[in-house]
>>> print(open('query17.cif').read())   # mmCIF, C-alpha atoms
data_query
loop_
_atom_site.label_atom_id
_atom_site.label_comp_id
_atom_site.auth_asym_id
_atom_site.auth_seq_id
_atom_site.Cartn_x
_atom_site.Cartn_y
_atom_site.Cartn_z
CA MET E 1 5.56 6.74 19.83
CA LYS E 2 8.94 8.42 19.47
CA PRO E 3 9.54 11.85 21.04
CA GLY E 4 8.53 14.67 18.73
CA CYS E 5 5.84 12.61 17.00
CA LYS E 6 2.96 14.87 15.95
CA LYS E 7 -0.52 13.62 16.81
CA VAL E 8 -3.41 14.57 14.54
CA SER E 9 -7.05 13.52 14.57
CA ILE E 10 -10.36 14.54 13.01
CA ILE E 11 -13.90 14.97 14.32
CA ARG E 12 -17.31 15.43 12.73
CA GLU E 13 -20.49 17.27 13.67
CA PRO E 14 -22.07 14.81 16.15
CA SER E 15 -25.61 14.64 14.76
CA ARG E 16 -24.23 13.94 11.27
CA GLN E 17 -21.87 11.37 12.75
CA ILE E 18 -24.70 9.48 14.43
CA ASP E 19 -26.96 9.80 11.39
CA SER E 20 -24.21 8.30 9.23
CA LEU E 21 -23.61 5.45 11.69
CA MET E 22 -27.31 4.67 11.78
CA ASP E 23 -27.54 4.82 8.00
CA HIS E 24 -24.59 2.51 7.37
CA PHE E 25 -24.84 0.07 10.28
CA CYS E 26 -28.53 0.01 11.15
CA GLY E 27 -28.89 -3.55 9.93
CA PHE E 28 -26.45 -4.75 12.58
CA LEU E 29 -28.40 -3.16 15.44
CA PRO E 30 -31.25 -5.37 16.74
CA PRO E 31 -33.44 -2.53 17.98
CA CYS E 32 -32.99 -0.52 14.82
CA PRO E 33 -36.24 -0.21 12.86
CA THR E 34 -36.55 -0.09 9.11
CA VAL E 35 -36.05 3.51 8.03
CA SER E 36 -39.33 4.85 6.73
CA MET E 37 -40.56 8.07 5.23
CA ASN E 38 -42.08 9.04 8.56
CA ARG E 39 -39.42 8.15 11.09
CA SER E 40 -35.70 7.73 10.60
CA ALA E 41 -33.46 5.41 12.57
CA LEU E 42 -31.82 8.51 14.05
CA GLU E 43 -35.15 9.69 15.41
CA TYR E 44 -35.75 6.23 16.87
CA PHE E 45 -32.36 6.33 18.59
CA ILE E 46 -33.14 9.74 20.10
CA ALA E 47 -36.45 8.46 21.44
CA ASN E 48 -35.01 5.15 22.70
CA PRO E 49 -31.27 5.60 23.43
CA ASP E 50 -31.12 2.95 26.15
CA GLU E 51 -32.09 0.24 23.65
CA PHE E 52 -28.78 0.73 21.89
CA HIS E 53 -26.21 -0.86 24.13
CA PHE E 54 -23.21 -3.14 23.63
CA GLN E 55 -24.03 -6.81 23.10
CA GLY E 56 -21.06 -8.61 21.67
CA LYS E 57 -19.22 -7.60 18.53
CA LYS E 58 -22.24 -6.74 16.43
CA GLN E 59 -23.01 -3.53 18.28
CA PHE E 60 -21.65 -0.15 17.31
CA PRO E 61 -21.02 2.72 19.74
CA LEU E 62 -23.76 5.31 19.41
CA ARG E 63 -23.24 7.07 22.73
CA ASP E 64 -20.39 9.56 22.29
CA PRO E 65 -18.60 7.51 19.61
CA MET E 66 -15.96 10.17 18.96
CA MET E 67 -14.96 10.40 22.61
CA LEU E 68 -14.80 6.62 22.64
CA ASP E 69 -12.34 6.78 19.73
CA PHE E 70 -10.15 8.99 21.92
CA GLY E 71 -10.31 6.38 24.68
CA PHE E 72 -12.99 7.88 26.91
CA ARG E 73 -16.31 6.24 27.77
CA PHE E 74 -18.76 8.20 29.88
CA SER E 75 -21.90 7.11 31.67
CA LYS E 76 -25.10 8.91 30.77
CA ASN E 77 -24.82 10.74 34.10
CA ALA E 78 -21.34 12.12 33.45
CA ASN E 79 -20.98 15.72 34.56
CA THR E 80 -19.65 18.60 32.48
CA SER E 81 -16.43 19.04 34.45
CA GLU E 82 -15.54 15.36 34.00
CA ILE E 83 -16.02 15.64 30.25
CA GLN E 84 -14.12 18.92 30.01
CA GLU E 85 -11.18 17.37 31.84
CA ALA E 86 -11.00 14.66 29.16
CA ILE E 87 -11.22 17.26 26.39
CA ASN E 88 -8.39 19.25 27.96
CA TYR E 89 -6.28 16.09 28.00
CA ILE E 90 -7.00 15.50 24.30
CA ASP E 91 -6.08 19.11 23.54
CA LYS E 92 -2.71 18.65 25.24
CA GLU E 93 -2.03 15.34 23.46
CA PHE E 94 -2.89 16.38 19.90
CA GLU E 95 -1.16 19.12 17.91
CA LEU E 96 -4.15 19.38 15.61
CA VAL E 97 -7.74 18.13 15.72
CA MET E 98 -9.23 18.64 12.30
CA VAL E 99 -12.92 19.29 11.62
CA LEU E 100 -14.59 17.39 8.78
CA GLU E 101 -17.04 20.19 7.99
CA ARG E 102 -14.02 22.44 7.33
CA PHE E 103 -11.80 19.81 5.81
CA ASP E 104 -9.90 22.00 3.37
CA GLU E 105 -9.06 24.56 6.06
CA SER E 106 -7.96 21.68 8.30
CA MET E 107 -5.75 20.29 5.55
CA ILE E 108 -4.08 23.67 5.09
CA LEU E 109 -3.29 23.71 8.81
CA LEU E 110 -1.99 20.14 8.57
CA LYS E 111 0.24 21.20 5.67
CA LYS E 112 1.73 23.97 7.79
CA LEU E 113 2.16 21.71 10.83
CA MET E 114 3.99 19.03 8.85
CA GLY E 115 5.98 21.35 6.59
CA TRP E 116 4.32 19.90 3.51
CA THR E 117 3.36 21.40 0.15
CA PHE E 118 0.00 21.54 -1.62
CA ASP E 119 1.08 18.55 -3.69
CA ASP E 120 1.39 16.50 -0.49
CA ILE E 121 -2.23 17.07 0.57
CA ILE E 122 -4.11 16.66 -2.71
CA TYR E 123 -7.01 14.25 -2.25
CA ILE E 124 -9.89 12.76 -4.21
CA PRO E 125 -13.17 12.09 -2.34
CA ILE E 126 -14.12 8.40 -2.49
CA ASN E 127 -17.21 6.49 -1.38
CA PRO E 128 -19.35 9.60 -0.91
CA ARG E 129 -22.61 8.99 0.89
CA ILE E 130 -25.43 8.34 -1.58
CA ASN E 131 -29.02 9.46 -0.99
CA LYS E 132 -28.10 12.04 1.62
CA ARG E 133 -31.11 12.82 3.74
CA THR E 134 -31.77 16.27 5.06
CA ASN E 135 -31.60 16.21 8.82
CA SER E 136 -35.09 17.35 9.78
CA LEU E 137 -34.84 16.97 13.54
CA THR E 138 -37.03 19.23 15.59
CA THR E 139 -35.49 21.61 18.12
CA LYS E 140 -36.61 19.26 20.88
CA GLN E 141 -35.02 16.23 19.21
CA THR E 142 -31.78 18.13 18.66
CA ASP E 143 -31.71 19.14 22.33
CA GLN E 144 -32.36 15.49 23.31
CA LEU E 145 -29.49 14.30 21.11
CA LYS E 146 -27.18 16.91 22.63
CA GLU E 147 -28.03 15.54 26.06
CA ILE E 148 -27.62 11.89 25.01
CA ASN E 149 -24.23 12.53 23.40
CA LYS E 150 -23.22 15.49 25.53
CA ALA E 151 -19.53 14.59 25.52
CA ASP E 152 -19.30 14.45 21.72
CA PHE E 153 -21.07 17.79 21.36
CA MET E 154 -18.76 19.38 23.92
CA LEU E 155 -15.77 17.88 22.09
CA TYR E 156 -16.96 19.26 18.74
CA ASP E 157 -17.74 22.72 20.09
CA TYR E 158 -14.35 22.94 21.78
CA PHE E 159 -12.27 21.97 18.77
CA SER E 160 -14.42 23.99 16.37
CA ARG E 161 -13.46 27.04 18.44
CA LYS E 162 -9.86 25.82 18.54
CA LEU E 163 -9.87 25.57 14.74
CA ASP E 164 -11.11 29.18 14.59
CA HIS E 165 -8.17 30.13 16.79
CA HIS E 166 -5.71 28.30 14.54
CA ILE E 167 -7.14 30.08 11.49
CA ASN E 168 -6.88 33.47 13.18
CA VAL E 169 -3.23 32.79 14.01
CA TYR E 170 -2.64 31.57 10.45
CA GLY E 171 -4.39 34.66 9.07
CA VAL E 172 -8.00 34.70 7.94
CA GLU E 173 -7.30 36.29 4.56
CA GLN E 174 -4.28 34.05 3.99
CA MET E 175 -6.43 31.02 4.78
CA LYS E 176 -9.09 32.14 2.28
CA ALA E 177 -6.43 32.57 -0.40
CA ASP E 178 -4.77 29.23 0.34
CA VAL E 179 -8.07 27.34 0.41
CA ALA E 180 -9.01 28.86 -2.96
CA GLU E 181 -5.64 27.83 -4.41
CA PHE E 182 -5.92 24.35 -2.86
CA ARG E 183 -9.34 23.82 -4.40
CA ARG E 184 -8.09 25.04 -7.77
CA LEU E 185 -5.20 22.56 -7.65
CA ARG E 186 -7.53 19.76 -6.57
CA SER E 187 -9.84 20.52 -9.48
CA VAL E 188 -6.94 20.51 -11.94
CA PHE E 189 -5.65 17.23 -10.55
CA ALA E 190 -9.08 15.56 -10.50
CA SER E 191 -9.79 16.63 -14.08
CA GLY E 192 -6.70 14.73 -15.17
CA CYS E 193 -7.69 11.52 -13.39
CA PRO E 194 -9.66 8.82 -15.19
CA HIS E 195 -12.90 7.70 -13.59
CA ARG E 196 -12.66 4.51 -11.55
CA GLY E 197 -12.89 1.50 -13.84
CA MET E 198 -11.54 3.45 -16.83
CA GLU E 199 -7.86 3.49 -15.81
CA ASP E 200 -6.77 0.86 -18.33
CA LYS E 201 -7.88 3.09 -21.20
CA PHE E 202 -5.29 5.68 -20.19
CA MET E 203 -1.57 5.47 -20.85
CA ALA E 204 0.60 4.69 -17.86
CA SER E 205 2.01 7.80 -16.24
CA ASP E 206 3.16 8.98 -12.85
CA MET E 207 -0.03 11.03 -12.54
CA ASN E 208 -2.27 8.14 -13.54
CA ASP E 209 -0.50 5.91 -11.00
CA ARG E 210 -1.10 8.49 -8.31
CA CYS E 211 -4.76 8.79 -9.31
CA LYS E 212 -5.15 5.05 -8.85
CA VAL E 213 -3.58 5.21 -5.42
CA LEU E 214 -5.76 8.09 -4.23
CA GLN E 215 -8.90 6.36 -5.50
CA GLN E 216 -8.22 3.16 -3.56
CA GLY E 217 -8.87 4.46 -0.04
CA ILE E 218 -7.08 4.27 3.27
CA THR E 219 -4.53 1.64 2.25
CA ALA E 220 -3.37 4.05 -0.42
CA ILE E 221 -2.21 6.50 2.24
CA VAL E 222 0.27 3.94 3.50
CA ARG E 223 1.49 3.34 -0.02
CA ILE E 224 1.97 7.05 -0.63
CA LEU E 225 4.03 7.33 2.56
CA GLU E 226 6.11 4.32 1.58
CA GLN E 227 6.87 5.85 -1.80
CA SER E 228 7.40 9.40 -0.58
CA LYS E 229 10.32 11.35 0.85
CA PHE E 230 8.74 11.33 4.32
CA LYS E 231 10.17 9.13 7.02
CA TYR E 232 7.73 7.69 9.52
CA SER E 233 7.60 4.99 12.15
CA ASP E 234 5.15 3.41 14.57
#
>>> encode(input="query17.cif", output="structure tokens")
Amino acid sequence: MKPGCKKVSIIREPSRQIDSLMDHFCGFLPPCPTVSMNRSALEYFIANPDEFHFQGKKQFPLRDPMMLDFGFRFSKNANTSEIQEAINYIDKEFELVMVLERFDESMILLKKLMGWTFDDIIYIPINPRINKRTNSLTTKQTDQLKEINKADFMLYDYFSRKLDHHINVYGVEQMKADVAEFRRLRSVFASGCPHRGMEDKFMASDMNDRCKVLQQGITAIVRILEQSKFKYSD
């Protein structure tokens, strides 16, 4: 990357991350049982974590997947100081680590970091998770999961506190006002977008074209950058 390039990433609450992975990819994991009313795949993973290991390309990382995305793989016996050292490295490398559970606040901070406007960060949620289950883990199961994926939980706790720090520097009341305005603008924009599959019934317009792009997913981001005033490079 060129000097001055700003690095940004995003993390998610670890138990929700694992639950989502299990929900979407369970069929690819040989030891994964059929999810039942009595016992979820997440609960099975917590009770039998060593059964979920890498075997070729059909396995998905369930042990500290977020830290793995950052390039760190820890053994189950990794100590706290080793993990914290990796987190400190990530903190030095990235200007901003966003938090999914506070996505709008994170986007406001991204806007400030990049010198963007509200119009540059408008988004439309796509592919939302259907049939969301309430995480009903017991205290013991939660503690077990925190031990299994200790590095991811440490990562999340650290950058959740870092996000609080960023918000305090930004100004708590200013953040509340900007988030409220951002959500109002998002609502206005979304109300003007046709539902997916109904685009052809609307007259062509710059706004309708942008709606289509934002509803198409990750490849749309590249297209927006290509068509925008921003200059970027690998």
>>> atom_distance(input="query17.cif", atom1="CA of Lys76 (chain E)", atom2="CA of Glu13 (chain E)")
19.6 Å
>>> closest_residue(input="query17.cif", among="E:Lys7, E:Glu101, E:Phe72, E:Asn77", to="Tyr156 (chain E)", atoms="all atoms listed in the file")
E:Glu101
>>> residues_around(input="query17.cif", residues="Val8 (chain E)", least_positions_apart="4", cutoff="10 Å", atoms="all atoms listed in the file", output="list of chain:residue names")
E:Glu93, E:Phe94, E:Glu95, E:Leu96, E:Val97, E:Met98, E:Leu110, E:Leu113
>>> atom_distance(input="query17.cif", atom1="CA of Phe70 (chain E)", atom2="CA of Asp50 (chain E)")
22.2 Å
>>> residues_near_point(input="query17.cif", point="(-3.2, 25.5, 17.4)", cutoff="9 Å", atoms="all atoms listed in the file", output="list in words")
Glu95, Leu96, Val97, Leu109, Lys162, Leu163, His165, His166, Ile167 and Val169 of chain E
>>> atom_distance(input="query17.cif", atom1="CA of Thr80 (chain E)", atom2="CA of Glu147 (chain E)")
11.0 Å
>>> closest_residue(input="query17.cif", among="E:Arg161, E:Arg102, E:Lys6, E:Lys146", to="Met175 (chain E)", atoms="only C-alpha atoms")
E:Arg102
>>> build_atoms(input="query17.cif", residues="region 177-188 of chain E", atoms="all heavy atoms", output="PDB file, in the coordinates of the input")
ATOM      1  N   ALA E 177      -7.208  32.650   0.832  1.00  0.00           N
ATOM      2  CA  ALA E 177      -6.430  32.570  -0.400  1.00  0.00           C
ATOM      3  C   ALA E 177      -5.865  31.168  -0.610  1.00  0.00           C
ATOM      4  O   ALA E 177      -5.899  30.628  -1.724  1.00  0.00           O
ATOM      5  CB  ALA E 177      -5.304  33.604  -0.365  1.00  0.00           C
ATOM      6  N   ASP E 178      -5.363  30.561   0.465  1.00  0.00           N
ATOM      7  CA  ASP E 178      -4.770  29.230   0.340  1.00  0.00           C
ATOM      8  C   ASP E 178      -5.815  28.159   0.075  1.00  0.00           C
ATOM      9  O   ASP E 178      -5.565  27.203  -0.668  1.00  0.00           O
ATOM     10  CB  ASP E 178      -3.981  28.894   1.610  1.00  0.00           C
ATOM     11  CG  ASP E 178      -2.654  29.634   1.688  1.00  0.00           C
ATOM     12  OD1 ASP E 178      -2.303  30.315   0.700  1.00  0.00           O
ATOM     13  OD2 ASP E 178      -1.984  29.539   2.727  1.00  0.00           O
ATOM     14  N   VAL E 179      -6.991  28.292   0.676  1.00  0.00           N
ATOM     15  CA  VAL E 179      -8.070  27.340   0.410  1.00  0.00           C
ATOM     16  C   VAL E 179      -8.510  27.439  -1.046  1.00  0.00           C
ATOM     17  O   VAL E 179      -8.733  26.418  -1.719  1.00  0.00           O
ATOM     18  CB  VAL E 179      -9.265  27.579   1.357  1.00  0.00           C
ATOM     19  CG1 VAL E 179     -10.507  26.829   0.866  1.00  0.00           C
ATOM     20  CG2 VAL E 179      -8.934  27.130   2.772  1.00  0.00           C
ATOM     21  N   ALA E 180      -8.621  28.669  -1.563  1.00  0.00           N
ATOM     22  CA  ALA E 180      -9.010  28.860  -2.960  1.00  0.00           C
ATOM     23  C   ALA E 180      -7.981  28.229  -3.891  1.00  0.00           C
ATOM     24  O   ALA E 180      -8.331  27.553  -4.875  1.00  0.00           O
ATOM     25  CB  ALA E 180      -9.154  30.357  -3.265  1.00  0.00           C
ATOM     26  N   GLU E 181      -6.691  28.418  -3.588  1.00  0.00           N
ATOM     27  CA  GLU E 181      -5.640  27.830  -4.410  1.00  0.00           C
ATOM     28  C   GLU E 181      -5.644  26.308  -4.297  1.00  0.00           C
ATOM     29  O   GLU E 181      -5.464  25.591  -5.295  1.00  0.00           O
ATOM     30  CB  GLU E 181      -4.279  28.389  -3.985  1.00  0.00           C
ATOM     31  CG  GLU E 181      -3.073  27.775  -4.686  1.00  0.00           C
ATOM     32  CD  GLU E 181      -3.041  28.024  -6.184  1.00  0.00           C
ATOM     33  OE1 GLU E 181      -3.904  28.778  -6.704  1.00  0.00           O
ATOM     34  OE2 GLU E 181      -2.147  27.455  -6.853  1.00  0.00           O
ATOM     35  N   PHE E 182      -5.858  25.802  -3.091  1.00  0.00           N
ATOM     36  CA  PHE E 182      -5.920  24.350  -2.860  1.00  0.00           C
ATOM     37  C   PHE E 182      -7.042  23.723  -3.670  1.00  0.00           C
ATOM     38  O   PHE E 182      -6.860  22.682  -4.319  1.00  0.00           O
ATOM     39  CB  PHE E 182      -6.103  24.098  -1.371  1.00  0.00           C
ATOM     40  CG  PHE E 182      -6.140  22.649  -0.975  1.00  0.00           C
ATOM     41  CD1 PHE E 182      -5.319  21.716  -1.579  1.00  0.00           C
ATOM     42  CD2 PHE E 182      -6.991  22.225   0.039  1.00  0.00           C
ATOM     43  CE1 PHE E 182      -5.348  20.371  -1.202  1.00  0.00           C
ATOM     44  CE2 PHE E 182      -7.026  20.895   0.423  1.00  0.00           C
ATOM     45  CZ  PHE E 182      -6.205  19.968  -0.196  1.00  0.00           C
ATOM     46  N   ARG E 183      -8.200  24.346  -3.656  1.00  0.00           N
ATOM     47  CA  ARG E 183      -9.340  23.820  -4.400  1.00  0.00           C
ATOM     48  C   ARG E 183      -9.105  23.895  -5.901  1.00  0.00           C
ATOM     49  O   ARG E 183      -9.541  23.013  -6.659  1.00  0.00           O
ATOM     50  CB  ARG E 183     -10.618  24.563  -3.989  1.00  0.00           C
ATOM     51  CG  ARG E 183     -11.050  24.208  -2.569  1.00  0.00           C
ATOM     52  CD  ARG E 183     -12.207  25.053  -2.069  1.00  0.00           C
ATOM     53  NE  ARG E 183     -12.605  24.607  -0.722  1.00  0.00           N
ATOM     54  CZ  ARG E 183     -13.458  25.276   0.054  1.00  0.00           C
ATOM     55  NH1 ARG E 183     -13.995  26.415  -0.370  1.00  0.00           N
ATOM     56  NH2 ARG E 183     -13.752  24.799   1.247  1.00  0.00           N
ATOM     57  N   ARG E 184      -8.423  24.941  -6.355  1.00  0.00           N
ATOM     58  CA  ARG E 184      -8.090  25.040  -7.770  1.00  0.00           C
ATOM     59  C   ARG E 184      -7.154  23.900  -8.176  1.00  0.00           C
ATOM     60  O   ARG E 184      -7.375  23.237  -9.204  1.00  0.00           O
ATOM     61  CB  ARG E 184      -7.413  26.390  -8.061  1.00  0.00           C
ATOM     62  CG  ARG E 184      -7.117  26.623  -9.558  1.00  0.00           C
ATOM     63  CD  ARG E 184      -6.251  27.840  -9.775  1.00  0.00           C
ATOM     64  NE  ARG E 184      -4.879  27.610  -9.330  1.00  0.00           N
ATOM     65  CZ  ARG E 184      -3.980  26.951 -10.048  1.00  0.00           C
ATOM     66  NH1 ARG E 184      -4.295  26.440 -11.243  1.00  0.00           N
ATOM     67  NH2 ARG E 184      -2.748  26.780  -9.594  1.00  0.00           N
ATOM     68  N   LEU E 185      -6.137  23.634  -7.361  1.00  0.00           N
ATOM     69  CA  LEU E 185      -5.200  22.560  -7.650  1.00  0.00           C
ATOM     70  C   LEU E 185      -5.871  21.189  -7.603  1.00  0.00           C
ATOM     71  O   LEU E 185      -5.586  20.313  -8.428  1.00  0.00           O
ATOM     72  CB  LEU E 185      -4.037  22.606  -6.659  1.00  0.00           C
ATOM     73  CG  LEU E 185      -3.105  23.819  -6.760  1.00  0.00           C
ATOM     74  CD1 LEU E 185      -2.123  23.847  -5.597  1.00  0.00           C
ATOM     75  CD2 LEU E 185      -2.354  23.803  -8.087  1.00  0.00           C
ATOM     76  N   ARG E 186      -6.780  21.022  -6.646  1.00  0.00           N
ATOM     77  CA  ARG E 186      -7.530  19.760  -6.570  1.00  0.00           C
ATOM     78  C   ARG E 186      -8.356  19.550  -7.820  1.00  0.00           C
ATOM     79  O   ARG E 186      -8.442  18.438  -8.349  1.00  0.00           O
ATOM     80  CB  ARG E 186      -8.448  19.775  -5.346  1.00  0.00           C
ATOM     81  CG  ARG E 186      -7.772  19.407  -4.029  1.00  0.00           C
ATOM     82  CD  ARG E 186      -8.809  19.321  -2.923  1.00  0.00           C
ATOM     83  NE  ARG E 186      -9.902  18.454  -3.306  1.00  0.00           N
ATOM     84  CZ  ARG E 186     -11.198  18.693  -3.068  1.00  0.00           C
ATOM     85  NH1 ARG E 186     -11.568  19.798  -2.450  1.00  0.00           N
ATOM     86  NH2 ARG E 186     -12.112  17.833  -3.444  1.00  0.00           N
ATOM     87  N   SER E 187      -8.999  20.612  -8.281  1.00  0.00           N
ATOM     88  CA  SER E 187      -9.840  20.520  -9.480  1.00  0.00           C
ATOM     89  C   SER E 187      -9.002  20.172 -10.704  1.00  0.00           C
ATOM     90  O   SER E 187      -9.395  19.328 -11.519  1.00  0.00           O
ATOM     91  CB  SER E 187     -10.561  21.859  -9.700  1.00  0.00           C
ATOM     92  OG  SER E 187     -11.344  21.828 -10.873  1.00  0.00           O
ATOM     93  N   VAL E 188      -7.834  20.800 -10.810  1.00  0.00           N
ATOM     94  CA  VAL E 188      -6.940  20.510 -11.940  1.00  0.00           C
ATOM     95  C   VAL E 188      -6.489  19.059 -11.889  1.00  0.00           C
ATOM     96  O   VAL E 188      -6.488  18.353 -12.899  1.00  0.00           O
ATOM     97  CB  VAL E 188      -5.714  21.456 -11.908  1.00  0.00           C
ATOM     98  CG1 VAL E 188      -4.667  21.001 -12.919  1.00  0.00           C
ATOM     99  CG2 VAL E 188      -6.145  22.885 -12.195  1.00  0.00           C
TER     100      VAL E 188
END
